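See below for the structure under consideration.
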Amino acid sequence: MKIPFSLLPPPLVEKFSKLVIFARLGNIASTFFPSLHQQLLQIESTTNPREYTSMAIVASFFNSVFILILGLILSTVAGKQVLIPAFIGTFLIGLISLLTIQTYPKIMANKRARKLENELVPAMRQLLIQVKSGVPLFEAMTGVCDGYGEVSLEFRKMVRKINAGIPMQEVLEEKSRGTASLQFRRVLWQIGNALRVGTDVGKALEEIISDLVLEKIDDIRRYGQELSPWTMIYMLAAIVTPSLGITMMLVIISFLGVDVPKIVFAAVIVFITGFQLFFTDFVRSRRPAIEDI
């Protein structure tokens, strides 16, 4: 598996991770991340937690070494002693790199879960229509293997395994353990339970779709309630504070007779621009998908 945020090329990261010292450190450090195994499973990685943690330690170590060397070079060029800040920066970069790399599988799993849930309702409606029309469940699952994004991709994987001779119920249970989406997991559980007890799969799908739609409506309602405080924060941070702050600063400085450095105005513009980009992306990321209900 390719390690993110690494300044060292992936082949070298993998090679160094097999050294005894890094392998032992990875074996010890992996115990502090008990959920890493499930997260790697959810992103369909064949790397085990010990190997992944070993590679994370290697990447973090060489990231720190690069920062240390860069700090020493800058210290030599500037003719100033910055050893203490360089060592502090080295430690912080190493720690941040390790924690970031270790949480990367969780981030990717949540991203896949969001993509799954965005297309889940229309896919389940298509599955329900086919099942209600008398189409066998396996054929209905084949019918949603295209046109529904990440959901179609997951169904193609399940259909492929069923075609290989693995029982459908076993495939559903295995897939439910390997997904980070709670909604998709519940869908698979409901279908699997219906097959196990011999009840009507169509009725189970109707209940699933009803629950999913209600959850979407609740998400939209919560999102609407969240917008008011976020709008207030935006008004304060991006409009009120910069305008009033600059006005007060100019008034005070005019009494003191001090010139305002031009860098201050440039810094304010950069701050406002960066904050607005961040805020826009943040609000967009929290917006629930409503095109599928």
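Each chain in the structure tokens gets a letter, A, B and so on, in the order shown; residues start at 1 in every chain, and ligands are counted from 1 in the order they appear.
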Write out as a PyMOL selection string each polymer residue whose atoms come within 9 Å of region 231-237 of chain A, counting only C-alpha atoms; drop sequence neighbours fewer than 4 positions from it. chain A and resi 226-227+241-242+272+275-276+279
Store the residues picked out above, limited to N, CA, C and O atoms, as an mmCIF file, in the first residue's frame.
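In the end it all went to part38.cif:
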data_model
loop_
_atom_site.group_PDB
_atom_site.id
_atom_site.type_symbol
_atom_site.label_atom_id
_atom_site.label_comp_id
_atom_site.auth_asym_id
_atom_site.auth_seq_id
_atom_site.Cartn_x
_atom_site.Cartn_y
_atom_site.Cartn_z
ATOM 1 N N GLU A 226 -27.842 23.810 11.657
ATOM 2 C CA GLU A 226 -26.427 24.147 11.843
ATOM 3 C C GLU A 226 -26.027 25.422 11.107
ATOM 4 O O GLU A 226 -25.056 26.073 11.481
ATOM 5 N N LEU A 227 -26.769 25.766 10.044
ATOM 6 C CA LEU A 227 -26.363 26.903 9.220
ATOM 7 C C LEU A 227 -26.387 28.224 9.982
ATOM 8 O O LEU A 227 -25.546 29.098 9.732
ATOM 9 N N THR A 241 -15.071 41.360 12.190
ATOM 10 C CA THR A 241 -13.761 41.513 12.818
ATOM 11 C C THR A 241 -12.744 42.215 11.920
ATOM 12 O O THR A 241 -12.069 43.151 12.375
ATOM 13 N N PRO A 242 -12.572 41.821 10.650
ATOM 14 C CA PRO A 242 -11.592 42.548 9.821
ATOM 15 C C PRO A 242 -11.937 44.021 9.617
ATOM 16 O O PRO A 242 -11.063 44.891 9.727
ATOM 17 N N ILE A 272 -8.509 36.729 5.097
ATOM 18 C CA ILE A 272 -9.924 36.706 4.708
ATOM 19 C C ILE A 272 -10.143 35.746 3.543
ATOM 20 O O ILE A 272 -11.099 34.957 3.533
ATOM 21 N N PHE A 275 -9.740 32.152 4.842
ATOM 22 C CA PHE A 275 -10.868 31.765 5.694
ATOM 23 C C PHE A 275 -12.113 31.496 4.859
ATOM 24 O O PHE A 275 -12.851 30.538 5.134
ATOM 25 N N GLN A 276 -12.371 32.327 3.853
ATOM 26 C CA GLN A 276 -13.567 32.129 3.036
ATOM 27 C C GLN A 276 -13.475 30.839 2.238
ATOM 28 O O GLN A 276 -14.467 30.109 2.108
ATOM 29 N N PHE A 279 -14.000 28.045 4.794
ATOM 30 C CA PHE A 279 -15.379 27.992 5.279
ATOM 31 C C PHE A 279 -16.313 27.438 4.202
ATOM 32 O O PHE A 279 -17.205 26.636 4.495
#
Could you name the residues that touch region 151-153 of chain A at 7 Å or less, counting only C-alpha atoms, but leaving out those on the same chain fewer than 5 positions away, as a VMD selection string? chain A and resid 116 119 to 120 144 to 146
For Ser45 (chain A), please output as a count of residues only all residues within 12 Å (counting only C-alpha atoms; exclusion window: fewer than 4 positions along the same chain). 16
Determine which residues of region 102-264 of chain A receive a DSSP assignment of alpha helix (DSSP H), computed from the backbone, and state them as a PyMOL selection string. chain A and resi 102-118+120-132+137-143+149-163+168-177+182-197+201-234+241-256+262-264
Restricting the calculation to only C-alpha atoms: of A:Leu182, A:Leu74, A:Gly94, A:Ser133, which residue gets closest to Glu215 (chain A)?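 For Glu215 (chain A), the nearest of the given residues is A:Leu182.
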CA of Arg114 (chain A) to CA of Ala164 (chain A), straight-line distance in Å: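 It comes out at 28.9 Å.
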What's around Arg112 (chain A) at 10 Å? Count only C-alpha atoms, leave out sequence neighbours fewer than 4 positions away in its own chain, and write the answer as an MDAnalysis selection string. chainID A and resid 42:43 106:108 116:117 150:151 179:181
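With only C-alpha atoms as the atoms that count, the residue of A:Ile263, A:Val58, A:Ile162, A:Ile246 with the shortest distance to Ser17 (chain A) is A:Val58.
Ranking A:Thr280, A:Thr47, A:Thr199, A:Thr103 by their shortest atom-to-atom distance to Pro4 (chain A), with only C-alpha atoms included, puts A:Thr103 first.
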Can you pull out the residues contacting Thr100 (chain A)? Cut-off 9 Å, using only C-alpha atoms, and skip same-chain residues under 4 positions away; I want them as a count of residues only. 5
Distance criterion (only C-alpha atoms): nearest to Gly274 (chain A) out of A:Val258, A:Phe138, A:Ala238, A:Asn27: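 Closest to Gly274 (chain A), using only C-alpha atoms: A:Ala238.
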Env of Asp200 (chain A): 12 Å cut, atoms = only C-alpha atoms, seq-sep filter 3 positions within chain, self excluded. Answer as number ranges by chain. A: 128, 131-132, 134, 136-137, 190-197, 203-207
Using CA of Ser60 (chain A) and CA of Ala29 (chain A) as the two end points, give the distance in Å to one decimal.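 Value for the CA of Ser60 (chain A)-CA of Ala29 (chain A) distance: 13.0 Å.
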Using only C-alpha atoms, which of the listed residues (A:Phe271, A:Phe184, A:Phe33, A:Phe22) sits closest to Ala113 (chain A)?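 Between A:Phe271, A:Phe184, A:Phe33, A:Phe22, the residue approaching Ala113 (chain A) most closely is A:Phe184.
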CA of Tyr148 (chain A) to CA of Ala123 (chain A), straight-line distance in Å: 6.2 Å
